[in-house]
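Inspection log for the structure reproduced underneath, given as structure tokens.
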Amino acid sequence: MSQALLELVRRYTDTHPGGNPWMTAIDNVGILRSDLPRRPSPLLFQPSLCVVAQGTKWSTFGNRRYEYGAGQALVVSVEMPAFSRVAAASPDEPFLGVVIGLDPKLITEVMETLPTPVKVSSHVPRGVFVTDYDGPLADGVIRLLRLLDTPQAIPHVAPLVLREIAYWLLSGPHAADIAKVALADNRTHRVLTAVHTLRAKFTEAMSIDDLAAIAQLSPSAFHRQFKALTSMTPLQFQKQLRLLEARHLLASGEANAETAAWRVGYESASQFSREYARMFGAPPRRDAAALREPLPG
């Protein structure tokens, strides 16, 4: 199965113009390729299944690092900032991967039709984990990519295959984590509400007490459950969201360093510059100038 997926991804990147990532004709399905190892890059993960066909990659969420290679996939069920790096790749054996967006609504619909309910434990679910993909799950991913050769079939067949992929995820060893985020029992739902509030209002000053009140938990319990779900503290989560948005503003030319700092919620320009350099490896102006330089060739 891995060889079939590898050939499909390699052929697609060899025959389609554009660059990494390739957004395919199937909504929320992208293809990744890197001919060389890459330095860690910050990004905002959406709920997704990130399958590796060849090479190795690692992603860091807070203080937890997840390494995954051929035959494995990273599953992210909550929108979260992270650092990601292609660790093993070469021109002869490039890193090749597929990213499939996970629709929480679809997962919930599939879960409600299961003849046997998914057993959900009392623990706080993990918002990210690594799993093997093989058997029916791998077959579903392969058939999804094969649809790219028959574009006329995509609107009719792709939704069915995506539904099947959701089914196999809910039948796998990590079904409880996926189910708990999708179903969101009362406690998990409250923590997720606080996560989504922080995501929507990351430029505003929000204390642990404010977020704990949204989750209807004590500050200590909220802090513990937030970190169990996202692998980072609320402060780390907010800071990374702010700096990612500031980098976008700088790279696009929409703002200079001082304006970007103010727009994402910083009151101190010097603190912004320190934290920006710590996260991206260079001060804001120098990093923005490097991002705007054209790539060789």
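As shown in the structure tokens, the chain order sets the letters A, B, ...; within each chain, residues go from 1, and ligands are also counted from 1 in the order they appear.
Excluding range 95-100 of chain A itself and same-chain residues fewer than 4 positions from it, the residues having an atom within 7 Å of it are Val9, Asn28, Val29, Gly30, Ile31, Leu32, Arg33, Ser34, Asp35, Ser48, Leu49, Cys50, Val51, Val52, Ala53, Gln54, Gly55, Thr56, Ala88 and Ala89 of chain A, counting only C-alpha atoms.
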Residues within 12 Å of range 268-270 of chain A, please, as a ChimeraX atom specification. Count only C-alpha atoms; anything in the same chain fewer than 5 positions from it doesn't count.
/A:256-263,275-277,283-284
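Atom pair CA of Glu204 in chain A / CA of Phe237 in chain A: separated by 13.1 Å.
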Residues at most 9 Å from Glu164 in chain A, counting only C-alpha atoms, excluding those fewer than 3 positions away in the same chain, as a ChimeraX atom specification?
/A:110,136-137,140,159-161,167-169
Given the selection you just returned, output its residues as a file containing all heavy atoms, formatted as a CSV table (one decimal), in the first residue's frame.
chain,number,residue,atom,x,y,z
A,110,VAL,N,-20.7,10.5,11.0
A,110,VAL,CA,-20.3,9.1,10.8
A,110,VAL,C,-20.4,8.4,12.2
A,110,VAL,O,-20.9,7.3,12.3
A,110,VAL,CB,-18.8,9.0,10.3
A,110,VAL,CG1,-18.4,7.5,10.3
A,110,VAL,CG2,-18.8,9.5,8.9
A,136,PRO,N,-7.4,-0.8,5.5
A,136,PRO,CA,-8.5,0.0,4.9
A,136,PRO,C,-8.3,1.5,4.9
A,136,PRO,O,-8.7,2.2,4.0
A,136,PRO,CB,-9.8,-0.4,5.7
A,136,PRO,CG,-9.4,-1.7,6.4
A,136,PRO,CD,-7.9,-1.6,6.6
A,137,LEU,N,-7.7,2.0,6.0
A,137,LEU,CA,-7.4,3.5,6.0
A,137,LEU,C,-6.4,3.9,4.9
A,137,LEU,O,-6.7,4.9,4.2
A,137,LEU,CB,-6.8,3.9,7.4
A,137,LEU,CG,-6.4,5.3,7.5
A,137,LEU,CD1,-7.7,6.2,7.3
A,137,LEU,CD2,-5.8,5.6,8.9
A,140,GLY,N,-8.2,3.8,1.6
A,140,GLY,CA,-9.1,4.9,1.4
A,140,GLY,C,-8.3,6.1,0.9
A,140,GLY,O,-8.7,6.9,0.0
A,159,PRO,N,-16.6,12.8,-1.6
A,159,PRO,CA,-17.3,12.8,-0.3
A,159,PRO,C,-17.5,11.4,0.3
A,159,PRO,O,-17.5,11.3,1.5
A,159,PRO,CB,-18.7,13.5,-0.6
A,159,PRO,CG,-18.4,14.3,-1.9
A,159,PRO,CD,-17.4,13.5,-2.7
A,160,LEU,N,-17.8,10.4,-0.5
A,160,LEU,CA,-18.0,9.1,0.0
A,160,LEU,C,-16.7,8.5,0.5
A,160,LEU,O,-16.6,7.8,1.6
A,160,LEU,CB,-18.5,8.2,-1.1
A,160,LEU,CG,-19.8,8.6,-1.8
A,160,LEU,CD1,-20.2,7.7,-2.9
A,160,LEU,CD2,-20.9,8.6,-0.8
A,161,VAL,N,-15.5,8.7,-0.2
A,161,VAL,CA,-14.3,8.2,0.3
A,161,VAL,C,-13.8,9.0,1.6
A,161,VAL,O,-13.3,8.3,2.5
A,161,VAL,CB,-13.2,8.4,-0.8
A,161,VAL,CG1,-11.8,7.8,-0.3
A,161,VAL,CG2,-13.6,7.7,-2.1
A,167,TYR,N,-14.7,6.9,8.9
A,167,TYR,CA,-15.1,5.7,9.6
A,167,TYR,C,-13.9,4.9,10.1
A,167,TYR,O,-13.9,4.4,11.2
A,167,TYR,CB,-15.9,4.8,8.6
A,167,TYR,CG,-16.2,3.4,9.1
A,167,TYR,CD1,-17.3,3.2,10.0
A,167,TYR,CD2,-15.4,2.4,8.8
A,167,TYR,CE1,-17.5,2.0,10.5
A,167,TYR,CE2,-15.6,1.1,9.3
A,167,TYR,CZ,-16.7,0.9,10.1
A,167,TYR,OH,-16.9,-0.4,10.7
A,168,TRP,N,-12.9,4.7,9.2
A,168,TRP,CA,-11.7,3.9,9.6
A,168,TRP,C,-10.9,4.6,10.8
A,168,TRP,O,-10.4,3.9,11.6
A,168,TRP,CB,-10.8,3.6,8.4
A,168,TRP,CG,-11.4,2.8,7.4
A,168,TRP,CD1,-11.7,3.0,6.1
A,168,TRP,CD2,-12.0,1.4,7.6
A,168,TRP,NE1,-12.3,2.0,5.5
A,168,TRP,CE2,-12.5,1.0,6.4
A,168,TRP,CE3,-12.0,0.6,8.7
A,168,TRP,CZ2,-13.1,-0.3,6.3
A,168,TRP,CZ3,-12.6,-0.7,8.6
A,168,TRP,CH2,-13.1,-1.1,7.4
A,169,LEU,N,-10.9,5.9,10.8
A,169,LEU,CA,-10.3,6.6,11.9
A,169,LEU,C,-11.0,6.3,13.2
A,169,LEU,O,-10.4,6.1,14.3
A,169,LEU,CB,-10.2,8.1,11.7
A,169,LEU,CG,-9.2,8.6,10.7
A,169,LEU,CD1,-9.4,10.1,10.4
A,169,LEU,CD2,-7.7,8.4,11.2
Students should find that CA of Ile178 in chain A and CA of Arg126 in chain A are spaced 8.3 Å
DSSP-assigned alpha helix (DSSP H) among range 141-236 of chain A, expressed as a PyMOL selection string:
chain A and resi 141-146+154-170+175-183+186-200+208-215+219-230+234-236
Here is a test: counting only C-alpha atoms, which residue of A:Pro104, A:Pro117, A:Pro151, A:Pro42 is nearest to Glu245 in chain A?
A:Pro42
